[in-house]
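Here's the structure we're looking at; comments come further down.
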Amino acid sequence: MQLKQLDLPGGGLLTVYLRDCVETMPQAMERPLVLVVPGGGYSHVSAREGDPVALQFAAAGYHTAVLRYAVGDDAAHGLPLRQLAAAIGLVRQHAAAWHVQPDKIAVCGFSAGGHLALSGAVLAVPGLPDPPRPNAVILGYPVITAGQYAHRGSFVQLAGEDPAAQQAFSLEDKITSRTPPVFVWHTMEDETVPVENTLLLVSALHRAGVPCEAHLFEKG
């Protein structure tokens, strides 16, 4: 396995784990890549939702990567979103050299990282009229809504205290038929990110005709 680290605008970091490609496994010369986006409420980047997840995907045969993005005061003005777009763009730029299938790049995000992952698929990216988008989205207990069931701290970090400014980052009303396929899971007893976030998302995906698989667990 090869390990690469690439700097991103604004102090972000992309860590890439590339599985070895050998001629004795001709069907695995080119592999999909899963880009893992840890959570942390846009106040920090959770270590437990980064490398451990990426290594599980690597063990399953994927190339994988972990995004370290701007948090805290640096999370304003769309910088995390620009960093995610830059990360996807770098993977596609190096796809041939890294033996990545450029049309099979999924982002996998947890909590606020789930918000960022889905934002990368549906929100406008400041300064990028045609940003690189993922081909699929994998979400664990994602932050979705800035409304009644919001994980409010995430939206405060992104947009300040103004509810109208926060609403620009709410995602359930940004889903269209162009949204890539989504796999999402959540637990019913989540007291940090209410399960209604996923329920609102699934309803929006269904209305838009977007392929979606959702799993809700009673405990966890």
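Going through the structure tokens in order, the chains are called A, B, and so on, while each chain numbers its residues from 1 and the ligands are numbered from 1 in the order shown.
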Taking 4 positions as the minimum chain separation for residues in the same chain, which residues sit within 9 Å of segment 39-49 of chain A when counting only C-alpha atoms? Answer as a CSV table (one decimal) with all heavy atoms, in the first residue's frame.
```csv
chain,number,residue,atom,x,y,z
A,53,VAL,N,-11.8,4.3,9.6
A,53,VAL,CA,-12.8,4.0,8.6
A,53,VAL,C,-12.1,3.8,7.3
A,53,VAL,O,-12.4,2.8,6.5
A,53,VAL,CB,-13.7,5.2,8.5
A,53,VAL,CG1,-14.8,4.9,7.4
A,53,VAL,CG2,-14.4,5.4,9.8
A,54,ALA,N,-11.1,4.6,6.9
A,54,ALA,CA,-10.4,4.5,5.7
A,54,ALA,C,-9.7,3.1,5.5
A,54,ALA,O,-9.7,2.5,4.5
A,54,ALA,CB,-9.4,5.6,5.5
A,68,ARG,N,-8.8,16.2,5.9
A,68,ARG,CA,-8.7,17.1,7.0
A,68,ARG,C,-9.1,18.5,6.5
A,68,ARG,O,-8.3,19.0,5.7
A,68,ARG,CB,-7.4,17.1,7.7
A,68,ARG,CG,-7.2,18.0,8.9
A,68,ARG,CD,-6.0,17.8,9.7
A,68,ARG,NE,-6.0,16.5,10.4
A,68,ARG,CZ,-6.6,16.4,11.6
A,68,ARG,NH1,-7.2,17.4,12.2
A,68,ARG,NH2,-6.6,15.2,12.2
A,69,TYR,N,-10.1,19.1,7.0
A,69,TYR,CA,-10.7,20.3,6.5
A,69,TYR,C,-10.7,21.4,7.5
A,69,TYR,O,-10.5,21.2,8.7
A,69,TYR,CB,-12.1,20.1,5.9
A,69,TYR,CG,-13.0,19.4,6.8
A,69,TYR,CD1,-13.9,20.2,7.6
A,69,TYR,CD2,-13.1,18.0,7.0
A,69,TYR,CE1,-14.8,19.6,8.5
A,69,TYR,CE2,-14.0,17.4,7.9
A,69,TYR,CZ,-14.8,18.2,8.6
A,69,TYR,OH,-15.7,17.6,9.5
A,70,ALA,N,-11.1,22.6,7.1
A,70,ALA,CA,-11.1,23.8,8.0
A,70,ALA,C,-12.2,23.7,9.0
A,70,ALA,O,-13.3,23.3,8.7
A,70,ALA,CB,-11.2,25.1,7.2
A,71,VAL,N,-11.9,24.0,10.3
A,71,VAL,CA,-12.9,24.0,11.3
A,71,VAL,C,-12.8,25.3,12.2
A,71,VAL,O,-11.9,26.1,12.0
A,71,VAL,CB,-12.8,22.7,12.2
A,71,VAL,CG1,-13.1,21.5,11.4
A,71,VAL,CG2,-11.3,22.6,12.8
A,72,GLY,N,-13.7,25.4,13.1
A,72,GLY,CA,-13.7,26.6,14.0
A,72,GLY,C,-13.9,27.9,13.2
A,72,GLY,O,-14.7,27.9,12.3
A,73,ASP,N,-13.2,28.9,13.6
A,73,ASP,CA,-13.3,30.2,12.9
A,73,ASP,C,-13.0,30.1,11.4
A,73,ASP,O,-13.5,30.9,10.6
A,73,ASP,CB,-12.4,31.2,13.5
A,73,ASP,CG,-12.9,31.6,14.9
A,73,ASP,OD1,-14.1,31.3,15.3
A,73,ASP,OD2,-12.1,32.2,15.7
A,75,ALA,N,-13.9,27.8,9.4
A,75,ALA,CA,-14.9,27.1,8.6
A,75,ALA,C,-15.9,28.0,7.9
A,75,ALA,O,-16.7,27.5,7.1
A,75,ALA,CB,-15.7,26.1,9.6
A,80,PRO,N,-14.4,24.8,4.0
A,80,PRO,CA,-14.5,23.3,3.9
A,80,PRO,C,-15.0,22.7,2.6
A,80,PRO,O,-14.5,21.7,2.1
A,80,PRO,CB,-15.4,22.9,5.1
A,80,PRO,CG,-15.3,24.1,6.0
A,80,PRO,CD,-15.2,25.3,5.1
A,109,GLY,N,-19.1,10.4,4.8
A,109,GLY,CA,-19.0,11.4,5.9
A,109,GLY,C,-19.9,11.0,7.1
A,109,GLY,O,-20.9,10.4,6.9
A,110,PHE,N,-19.4,11.5,8.2
A,110,PHE,CA,-20.1,11.2,9.5
A,110,PHE,C,-20.5,12.5,10.2
A,110,PHE,O,-19.7,13.4,10.2
A,110,PHE,CB,-19.2,10.4,10.4
A,110,PHE,CG,-18.8,9.1,9.8
A,110,PHE,CD1,-17.7,9.0,9.0
A,110,PHE,CD2,-19.5,7.9,10.0
A,110,PHE,CE1,-17.3,7.8,8.4
A,110,PHE,CE2,-19.2,6.7,9.5
A,110,PHE,CZ,-18.0,6.6,8.7
A,111,SER,N,-21.7,12.6,10.7
A,111,SER,CA,-22.2,13.7,11.4
A,111,SER,C,-22.0,15.0,10.6
A,111,SER,O,-22.5,15.1,9.5
A,111,SER,CB,-21.4,13.8,12.8
A,111,SER,OG,-22.0,14.7,13.7
A,112,ALA,N,-21.2,16.0,11.1
A,112,ALA,CA,-20.9,17.2,10.3
A,112,ALA,C,-20.1,16.9,9.1
A,112,ALA,O,-20.3,17.6,8.1
A,112,ALA,CB,-20.2,18.2,11.2
A,113,GLY,N,-19.3,15.8,9.1
A,113,GLY,CA,-18.6,15.4,7.9
A,113,GLY,C,-19.6,14.8,6.9
A,113,GLY,O,-19.4,14.9,5.7
A,114,GLY,N,-20.7,14.3,7.4
A,114,GLY,CA,-21.8,13.9,6.5
A,114,GLY,C,-22.4,15.1,5.8
A,114,GLY,O,-22.8,15.0,4.6
A,115,HIS,N,-22.6,16.1,6.6
A,115,HIS,CA,-23.1,17.4,6.0
A,115,HIS,C,-22.2,17.9,4.9
A,115,HIS,O,-22.6,18.3,3.8
A,115,HIS,CB,-23.3,18.4,7.1
A,115,HIS,CG,-23.7,19.8,6.6
A,115,HIS,ND1,-22.9,20.7,6.1
A,115,HIS,CD2,-25.0,20.2,6.4
A,115,HIS,CE1,-23.6,21.8,5.7
A,115,HIS,NE2,-24.9,21.5,5.9
A,116,LEU,N,-20.9,17.9,5.2
A,116,LEU,CA,-19.9,18.3,4.2
A,116,LEU,C,-19.9,17.4,3.0
A,116,LEU,O,-19.8,17.9,1.8
A,116,LEU,CB,-18.5,18.4,4.8
A,116,LEU,CG,-17.4,18.9,3.9
A,116,LEU,CD1,-17.7,20.2,3.3
A,116,LEU,CD2,-16.1,19.0,4.7
A,142,PRO,N,-25.9,11.8,9.5
A,142,PRO,CA,-25.4,13.1,9.0
A,142,PRO,C,-26.2,14.3,9.5
A,142,PRO,O,-27.4,14.2,9.8
A,142,PRO,CB,-25.7,12.9,7.5
A,142,PRO,CG,-26.9,12.0,7.5
A,142,PRO,CD,-26.7,11.0,8.6
A,143,VAL,N,-25.6,15.4,9.6
A,143,VAL,CA,-26.2,16.7,9.9
A,143,VAL,C,-26.8,17.1,8.5
A,143,VAL,O,-26.1,17.3,7.6
A,143,VAL,CB,-25.2,17.7,10.4
A,143,VAL,CG1,-25.8,19.1,10.5
A,143,VAL,CG2,-24.7,17.3,11.8
A,151,HIS,N,-28.5,20.1,14.3
A,151,HIS,CA,-27.3,20.1,15.2
A,151,HIS,C,-26.8,21.6,15.1
A,151,HIS,O,-26.0,21.9,14.2
A,151,HIS,CB,-26.3,19.1,14.7
A,151,HIS,CG,-25.1,19.1,15.6
A,151,HIS,ND1,-23.9,19.8,15.3
A,151,HIS,CD2,-24.9,18.5,16.8
A,151,HIS,CE1,-23.0,19.6,16.3
A,151,HIS,NE2,-23.6,18.8,17.2
A,152,ARG,N,-27.3,22.4,16.0
A,152,ARG,CA,-27.2,23.9,15.8
A,152,ARG,C,-25.7,24.3,15.8
A,152,ARG,O,-25.4,25.2,15.0
A,152,ARG,CB,-27.9,24.6,16.9
A,152,ARG,CG,-28.1,26.1,16.7
A,152,ARG,CD,-28.8,26.4,15.4
A,152,ARG,NE,-30.2,25.9,15.4
A,152,ARG,CZ,-31.0,25.8,14.4
A,152,ARG,NH1,-30.5,26.3,13.2
A,152,ARG,NH2,-32.2,25.3,14.4
A,153,GLY,N,-24.9,23.7,16.6
A,153,GLY,CA,-23.5,24.1,16.6
A,153,GLY,C,-22.8,24.0,15.3
A,153,GLY,O,-22.0,24.9,14.9
A,154,SER,N,-23.1,23.0,14.4
A,154,SER,CA,-22.5,22.9,13.1
A,154,SER,C,-22.8,24.1,12.3
A,154,SER,O,-22.0,24.7,11.6
A,154,SER,CB,-23.0,21.7,12.4
A,154,SER,OG,-22.5,20.5,13.0
A,155,PHE,N,-24.1,24.6,12.3
A,155,PHE,CA,-24.5,25.7,11.4
A,155,PHE,C,-24.0,27.0,12.0
A,155,PHE,O,-23.8,27.9,11.2
A,155,PHE,CB,-26.0,25.7,11.3
A,155,PHE,CG,-26.5,24.5,10.5
A,155,PHE,CD1,-27.0,23.4,11.2
A,155,PHE,CD2,-26.5,24.5,9.1
A,155,PHE,CE1,-27.5,22.3,10.5
A,155,PHE,CE2,-26.9,23.3,8.4
A,155,PHE,CZ,-27.4,22.2,9.1
A,157,GLN,N,-21.1,27.4,13.3
A,157,GLN,CA,-19.7,27.4,12.9
A,157,GLN,C,-19.6,27.8,11.4
A,157,GLN,O,-18.7,28.6,11.0
A,157,GLN,CB,-19.0,26.1,13.0
A,157,GLN,CG,-18.8,25.6,14.4
A,157,GLN,CD,-17.7,26.4,15.1
A,157,GLN,OE1,-17.0,27.3,14.6
A,157,GLN,NE2,-17.4,26.0,16.4
A,158,LEU,N,-20.6,27.4,10.6
A,158,LEU,CA,-20.6,27.7,9.2
A,158,LEU,C,-21.1,29.1,8.8
A,158,LEU,O,-20.6,29.7,7.9
A,158,LEU,CB,-21.5,26.7,8.4
A,158,LEU,CG,-21.0,25.2,8.3
A,158,LEU,CD1,-22.0,24.3,7.7
A,158,LEU,CD2,-19.7,25.2,7.5
```
Can you list, as a PyMOL selection string, all residues belonging to segment 74-171 of chain A that DSSP tags as helix (DSSP H, G or I)? chain A and resi 74-93+95-98+112-122+152-159+163-167
From segment 102-137 of chain A, collect each residue whose DSSP state is strand (DSSP E) and return the set as a ChimeraX atom specification. /A:102-110,136-137
Would you mind listing what lies within 8 Å of Leu171 of chain A as a CSV table (one decimal) with C-alpha atoms, in the first residue's frame, with only C-alpha atoms counted and same-chain residues fewer than 5 positions away left out?
```
chain,number,residue,atom,x,y,z
A,115,HIS,CA,-23.1,17.4,6.0
A,118,LEU,CA,-23.5,15.8,0.9
A,119,SER,CA,-22.8,19.5,0.5
A,122,VAL,CA,-25.5,19.5,-4.0
A,144,ILE,CA,-28.8,17.7,7.3
A,145,THR,CA,-31.3,20.3,8.4
A,201,LEU,CA,-33.1,13.5,3.7
```
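You will find atom CA of Tyr149 of chain A at 10.3 Å from atom CA of Thr198 of chain A.
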Find the residues around Val66 of chain A up to 9 Å (only C-alpha atoms counted), leave out those fewer than 6 positions away in its own chain, and share them as a ChimeraX atom specification. /A:13-17,34-38,50-51,53-54
Env of Arg31 of chain A: 12 Å cut, atoms = only C-alpha atoms, seq-sep filter 6 positions within chain, self excluded. Answer as a VMD selection string. chain A and resid 17 to 22 25 57 to 58 60 to 64 95 to 106
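For the choices A:Leu216, A:Ile88, A:Leu79, A:Ala117, the atom-to-atom distance to Trp185 of chain A is smallest for A:Leu216 when using only C-alpha atoms.
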